[in-house]
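What follows is the content of start_19.cif (mmCIF, C-alpha atoms, pLDDT in the B column; chains and numbers go by the auth columns).
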data_query
#
loop_
_atom_site.group_PDB
_atom_site.id
_atom_site.type_symbol
_atom_site.label_atom_id
_atom_site.label_comp_id
_atom_site.label_asym_id
_atom_site.label_seq_id
_atom_site.Cartn_x
_atom_site.Cartn_y
_atom_site.Cartn_z
_atom_site.B_iso_or_equiv
_atom_site.auth_seq_id
_atom_site.auth_asym_id
ATOM 1 C CA MET A 1 97.703 18.470 150.098 38.00 148 A
ATOM 2 C CA LYS A 2 95.423 19.091 153.085 35.00 149 A
ATOM 3 C CA LYS A 3 95.930 22.859 152.726 34.00 150 A
ATOM 4 C CA ALA A 4 94.980 22.723 149.057 33.00 151 A
ATOM 5 C CA VAL A 5 91.823 20.726 149.787 30.00 152 A
ATOM 6 C CA CYS A 6 90.861 23.041 152.657 33.00 153 A
ATOM 7 C CA SER A 7 91.488 26.105 150.476 33.00 154 A
ATOM 8 C CA LEU A 8 89.317 24.672 147.693 29.00 155 A
ATOM 9 C CA LEU A 9 86.546 23.818 150.146 29.00 156 A
ATOM 10 C CA ALA A 10 86.671 27.325 151.628 33.00 157 A
ATOM 11 C CA LEU A 11 86.537 28.881 148.162 28.00 158 A
ATOM 12 C CA PHE A 12 83.617 26.630 147.211 30.00 159 A
ATOM 13 C CA ALA A 13 81.746 27.634 150.392 31.00 160 A
ATOM 14 C CA VAL A 14 82.246 31.330 149.611 29.00 161 A
ATOM 15 C CA LEU A 15 81.012 30.844 146.056 28.00 162 A
ATOM 16 C CA LEU A 16 77.925 28.964 147.231 29.00 163 A
ATOM 17 C CA SER A 17 77.089 31.544 149.870 30.00 164 A
ATOM 18 C CA SER A 18 77.259 34.323 147.306 31.00 165 A
ATOM 19 C CA CYS A 19 74.544 32.540 145.324 31.00 166 A
ATOM 20 C CA SER A 20 72.169 32.284 148.247 31.00 167 A
ATOM 21 C CA GLY A 21 69.321 34.713 148.748 34.00 168 A
ATOM 22 C CA LYS A 22 65.803 34.913 147.519 41.00 169 A
ATOM 23 C CA GLU A 23 65.245 35.200 143.803 42.00 170 A
ATOM 24 C CA GLY A 24 63.565 38.489 142.959 44.00 171 A
ATOM 25 C CA GLU A 25 64.748 40.030 146.226 47.00 172 A
ATOM 26 C CA LYS A 26 67.316 42.307 144.587 53.00 173 A
ATOM 27 C CA THR A 27 67.504 45.312 146.837 58.00 174 A
ATOM 28 C CA GLY A 28 68.426 48.840 145.945 75.00 175 A
ATOM 29 C CA GLU A 29 66.063 49.406 143.034 87.00 176 A
ATOM 30 C CA PHE A 30 62.338 49.390 142.412 91.00 177 A
ATOM 31 C CA SER A 31 60.795 47.380 139.592 87.00 178 A
ATOM 32 C CA LYS A 32 57.318 46.345 138.490 84.00 179 A
ATOM 33 C CA GLY A 33 58.085 42.954 140.101 88.00 180 A
ATOM 34 C CA ASP A 34 57.904 44.655 143.496 91.00 181 A
ATOM 35 C CA ILE A 35 54.146 45.058 143.070 91.00 182 A
ATOM 36 C CA LYS A 36 53.323 41.724 144.670 92.00 183 A
ATOM 37 C CA LEU A 37 52.683 40.553 148.199 93.00 184 A
ATOM 38 C CA THR A 38 54.984 37.974 149.695 91.00 185 A
ATOM 39 C CA LEU A 39 53.555 37.106 153.092 92.00 186 A
ATOM 40 C CA GLY A 40 55.106 34.234 154.951 87.00 187 A
ATOM 41 C CA ASP A 41 56.109 31.719 152.289 91.00 188 A
ATOM 42 C CA GLN A 42 53.298 32.637 149.877 94.00 189 A
ATOM 43 C CA THR A 43 53.202 35.199 147.077 95.00 190 A
ATOM 44 C CA PHE A 44 50.024 36.928 145.936 96.00 191 A
ATOM 45 C CA TYR A 45 49.773 38.907 142.713 94.00 192 A
ATOM 46 C CA PHE A 46 47.678 41.933 141.900 93.00 193 A
ATOM 47 C CA GLY A 47 45.261 41.407 139.035 92.00 194 A
ATOM 48 C CA GLN A 48 44.652 37.803 140.108 94.00 195 A
ATOM 49 C CA ASP A 49 42.013 36.144 142.279 97.00 196 A
ATOM 50 C CA ALA A 50 42.131 37.608 145.805 97.00 197 A
ATOM 51 C CA LYS A 51 40.698 34.442 147.380 98.00 198 A
ATOM 52 C CA PRO A 52 44.068 32.820 148.222 97.00 199 A
ATOM 53 C CA LEU A 53 45.178 36.025 149.996 97.00 200 A
ATOM 54 C CA LEU A 54 41.856 36.360 151.812 98.00 201 A
ATOM 55 C CA ASP A 55 42.083 32.706 152.883 97.00 202 A
ATOM 56 C CA PHE A 56 45.636 33.374 154.133 96.00 203 A
ATOM 57 C CA LEU A 57 44.479 36.391 156.168 97.00 204 A
ATOM 58 C CA GLY A 58 41.358 34.695 157.532 97.00 205 A
ATOM 59 C CA VAL A 59 37.918 36.114 158.218 97.00 206 A
ATOM 60 C CA PRO A 60 37.893 39.913 157.880 98.00 207 A
ATOM 61 C CA ASP A 61 36.626 42.103 160.714 98.00 208 A
ATOM 62 C CA ASP A 62 34.453 44.000 158.226 98.00 209 A
ATOM 63 C CA THR A 63 33.705 44.034 154.501 98.00 210 A
ATOM 64 C CA GLU A 64 32.487 47.030 152.529 98.00 211 A
ATOM 65 C CA GLU A 65 31.012 46.835 149.040 97.00 212 A
ATOM 66 C CA ILE A 66 30.345 49.559 146.513 97.00 213 A
ATOM 67 C CA LEU A 67 28.972 49.254 143.001 96.00 214 A
ATOM 68 C CA SER A 68 31.970 49.253 140.682 93.00 215 A
ATOM 69 C CA CYS A 69 32.283 52.190 138.317 89.00 216 A
ATOM 70 C CA TYR A 70 34.412 50.221 135.873 87.00 217 A
ATOM 71 C CA TYR A 71 33.417 46.583 136.220 88.00 218 A
ATOM 72 C CA GLU A 72 30.153 44.695 136.503 92.00 219 A
ATOM 73 C CA GLY A 73 29.560 43.927 140.153 95.00 220 A
ATOM 74 C CA TYR A 74 30.956 45.293 143.402 97.00 221 A
ATOM 75 C CA ASP A 75 34.354 46.595 144.420 96.00 222 A
ATOM 76 C CA LYS A 76 35.073 45.284 147.925 98.00 223 A
ATOM 77 C CA THR A 77 37.279 46.260 150.816 98.00 224 A
ATOM 78 C CA PHE A 78 38.118 43.512 153.281 98.00 225 A
ATOM 79 C CA LYS A 79 39.122 45.117 156.570 98.00 226 A
ATOM 80 C CA TYR A 80 41.382 43.429 159.077 97.00 227 A
ATOM 81 C CA VAL A 81 42.859 45.120 162.142 94.00 228 A
ATOM 82 C CA LYS A 82 46.271 45.442 160.481 95.00 229 A
ATOM 83 C CA VAL A 83 45.463 45.207 156.767 97.00 230 A
ATOM 84 C CA HIS A 84 42.876 46.431 154.260 98.00 231 A
ATOM 85 C CA ILE A 85 42.532 44.557 150.950 98.00 232 A
ATOM 86 C CA THR A 86 40.570 46.018 148.041 97.00 233 A
ATOM 87 C CA SER A 87 39.288 43.995 145.097 97.00 234 A
ATOM 88 C CA TYR A 88 37.290 44.514 141.941 96.00 235 A
ATOM 89 C CA PRO A 89 34.910 42.033 140.272 96.00 236 A
ATOM 90 C CA ARG A 90 35.821 40.038 137.181 94.00 237 A
ATOM 91 C CA GLU A 91 34.270 36.803 135.922 93.00 238 A
ATOM 92 C CA GLY A 92 32.635 36.105 139.279 94.00 239 A
ATOM 93 C CA LYS A 93 35.854 36.560 141.265 96.00 240 A
ATOM 94 C CA ASP A 94 37.233 39.254 143.531 97.00 241 A
ATOM 95 C CA ILE A 95 40.486 40.404 141.893 96.00 242 A
ATOM 96 C CA LEU A 96 43.283 41.758 144.106 96.00 243 A
ATOM 97 C CA ASP A 97 43.651 45.487 143.467 96.00 244 A
ATOM 98 C CA GLU A 98 45.088 47.264 146.534 97.00 245 A
ATOM 99 C CA ALA A 99 46.618 46.404 149.892 97.00 246 A
ATOM 100 C CA LEU A 100 47.244 48.728 152.827 98.00 247 A
ATOM 101 C CA PHE A 101 49.312 47.587 155.812 97.00 248 A
ATOM 102 C CA TYR A 102 49.043 49.377 159.162 96.00 249 A
ATOM 103 C CA ASP A 103 51.549 47.600 161.362 94.00 250 A
ATOM 104 C CA ALA A 104 54.834 45.694 161.383 95.00 251 A
ATOM 105 C CA THR A 105 53.337 42.191 161.199 94.00 252 A
ATOM 106 C CA TYR A 106 54.360 41.802 157.567 94.00 253 A
ATOM 107 C CA SER A 107 57.641 42.795 155.973 93.00 254 A
ATOM 108 C CA PHE A 108 58.500 43.302 152.331 93.00 255 A
ATOM 109 C CA LYS A 109 61.647 43.489 150.212 93.00 256 A
ATOM 110 C CA GLY A 110 64.749 44.000 152.328 93.00 257 A
ATOM 111 C CA GLY A 111 62.701 43.630 155.508 94.00 258 A
ATOM 112 C CA VAL A 112 60.892 46.951 155.019 96.00 259 A
ATOM 113 C CA ARG A 113 57.769 47.208 157.162 97.00 260 A
ATOM 114 C CA VAL A 114 55.772 49.693 159.187 98.00 261 A
ATOM 115 C CA GLY A 115 58.328 51.180 161.581 98.00 262 A
ATOM 116 C CA SER A 116 61.207 51.077 159.082 98.00 263 A
ATOM 117 C CA THR A 117 63.061 54.291 158.353 98.00 264 A
ATOM 118 C CA LYS A 118 63.076 56.235 155.113 98.00 265 A
ATOM 119 C CA ASP A 119 66.716 55.145 154.692 97.00 266 A
ATOM 120 C CA ASP A 120 65.665 51.481 155.047 97.00 267 A
ATOM 121 C CA VAL A 121 63.152 51.971 152.235 97.00 268 A
ATOM 122 C CA ILE A 122 65.777 53.621 150.018 97.00 269 A
ATOM 123 C CA LYS A 123 68.236 50.760 150.671 96.00 270 A
ATOM 124 C CA SER A 124 65.604 48.249 149.555 96.00 271 A
ATOM 125 C CA TYR A 125 63.782 50.066 146.769 96.00 272 A
ATOM 126 C CA GLY A 126 66.303 52.669 145.603 95.00 273 A
ATOM 127 C CA ASP A 127 66.374 56.416 145.347 95.00 274 A
ATOM 128 C CA LYS A 128 64.052 56.779 142.359 94.00 275 A
ATOM 129 C CA PHE A 129 60.920 57.867 144.210 95.00 276 A
ATOM 130 C CA PHE A 130 58.955 61.070 144.578 95.00 277 A
ATOM 131 C CA MET A 131 57.238 62.640 147.541 95.00 278 A
ATOM 132 C CA ASP A 132 53.527 63.403 147.443 93.00 279 A
ATOM 133 C CA GLY A 133 52.830 65.059 150.761 95.00 280 A
ATOM 134 C CA GLU A 134 53.767 62.477 153.394 96.00 281 A
ATOM 135 C CA LEU A 135 53.817 59.681 150.782 96.00 282 A
ATOM 136 C CA MET A 136 57.106 58.303 149.480 97.00 283 A
ATOM 137 C CA VAL A 137 55.979 56.888 146.124 96.00 284 A
ATOM 138 C CA TYR A 138 57.587 54.403 143.751 95.00 285 A
ATOM 139 C CA ASN A 139 56.254 53.701 140.267 92.00 286 A
ATOM 140 C CA GLU A 140 57.820 52.440 137.048 88.00 287 A
ATOM 141 C CA THR A 141 58.387 55.866 135.545 88.00 288 A
ATOM 142 C CA ASN A 142 59.374 57.740 138.726 88.00 289 A
ATOM 143 C CA ASN A 143 56.980 60.414 137.528 89.00 290 A
ATOM 144 C CA LYS A 144 54.436 62.026 139.835 91.00 291 A
ATOM 145 C CA SER A 145 52.089 62.764 136.926 90.00 292 A
ATOM 146 C CA ASP A 146 52.047 59.067 135.897 88.00 293 A
ATOM 147 C CA ILE A 147 48.786 58.027 137.522 86.00 294 A
ATOM 148 C CA GLU A 148 48.442 54.854 135.446 88.00 295 A
ATOM 149 C CA SER A 149 51.413 52.775 136.629 89.00 296 A
ATOM 150 C CA PRO A 150 51.152 50.535 139.669 93.00 297 A
ATOM 151 C CA ARG A 151 52.472 52.241 142.800 94.00 298 A
ATOM 152 C CA LEU A 152 54.111 51.265 146.031 96.00 299 A
ATOM 153 C CA SER A 153 53.797 54.015 148.642 97.00 300 A
ATOM 154 C CA PHE A 154 55.072 54.482 152.158 98.00 301 A
ATOM 155 C CA THR A 155 53.450 57.014 154.489 98.00 302 A
ATOM 156 C CA LEU A 156 56.207 58.717 156.481 98.00 303 A
ATOM 157 C CA LYS A 157 55.982 60.505 159.817 97.00 304 A
ATOM 158 C CA ASN A 158 59.328 61.800 161.108 97.00 305 A
ATOM 159 C CA ASP A 159 61.090 59.630 158.479 97.00 306 A
ATOM 160 C CA LYS A 160 59.428 56.446 159.823 98.00 307 A
ATOM 161 C CA VAL A 161 57.022 54.288 157.802 98.00 308 A
ATOM 162 C CA THR A 162 53.501 54.346 159.258 98.00 309 A
ATOM 163 C CA THR A 163 51.716 52.550 156.395 98.00 310 A
ATOM 164 C CA VAL A 164 52.701 50.504 153.340 97.00 311 A
ATOM 165 C CA TYR A 165 50.348 50.788 150.364 97.00 312 A
ATOM 166 C CA PHE A 166 50.297 48.732 147.159 96.00 313 A
ATOM 167 C CA ASP A 167 48.061 50.034 144.351 94.00 314 A
ATOM 168 C CA SER A 168 47.817 48.129 141.075 91.00 315 A
ATOM 169 C CA ASN A 169 45.958 50.997 139.333 85.00 316 A
ATOM 170 C CA SER A 170 43.838 48.301 137.719 75.00 317 A
ATOM 171 C CA TYR A 171 41.463 50.754 136.111 65.00 318 A
ATOM 172 C CA PHE A 172 44.275 51.698 133.736 64.00 319 A
ATOM 173 C CA GLN A 173 45.549 48.142 133.197 60.00 320 A
ATOM 174 C CA ASP A 174 42.589 46.290 131.673 52.00 321 A
#
Mind turning this structure into structure tokens?
Amino acid sequence: MKKAVCSLLALFAVLLSSCSGKEGEKTGEFSKGDIKLTLGDQTFYFGQDAKPLLDFLGVPDDTEEILSCYYEGYDKTFKYVKVHITSYPREGKDILDEALFYDATYSFKGGVRVGSTKDDVIKSYGDKFFMDGELMVYNETNNKSDIESPRLSFTLKNDKVTTVYFDSNSYFQD
């Protein structure tokens, strides 16, 4: 009887452990759902108010503004030592548009970060990417000529990630 109970408990533990893991963290393939920032325990979405992300990151070291070509107001770049965040104006808010990460402080799906290898990126995001110079680029269509889809790009030097770049391509989305 004890063996049967122990066997059932062991089986139950295995079943439960197979269900653990973060929802949306499926590795091995890229999807539109990967165009989001999960930093710490918070998730920030492109096309939404950038204020929560900017509050999370703190006071920027520098901010640049340029009159928006597409929207009424100013596109802004908030520069931090390790991160640059770009926004566009909409209804009096700065809307998250792009994010560029320069160091390994933050990691993304599968633990990919600056310093990861090209193979690490492929394990997490899959093999449906294209190269554009030193950029390893993922988009929904896996098509280099598709300039309208959101993109996730990794700059590679000697097969190591030196920057991680999220681009919502908002000008094509609204």
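The space separating CA of Val261 in chain A from CA of Val311 in chain A comes to 6.7 Å.
Coordinates place CA of Asp293 in chain A at a distance of 23.0 Å from CA of Ile232 in chain A.
Between CA of Gly187 in chain A and CA of Arg260 in chain A there is a distance of 13.4 Å.
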Residue with the minimum atom-to-atom distance to Glu245 in chain A, picked from A:Asp181, A:Asp274, A:Asp314, A:Glu176 with only C-alpha atoms counted, is A:Asp314
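The residues returned by the PyMOL selection byres ((chain A and resi 295) around 12) on the shown structure are A:Asn286, A:Glu287, A:Thr288, A:Asn289, A:Asn290, A:Lys291, A:Ser292, A:Asp293, A:Ile294, A:Ser296, A:Pro297, A:Arg298, A:Asp314, A:Ser315, A:Asn316, A:Ser317, A:Tyr318, A:Phe319, A:Gln320, A:Asp321.
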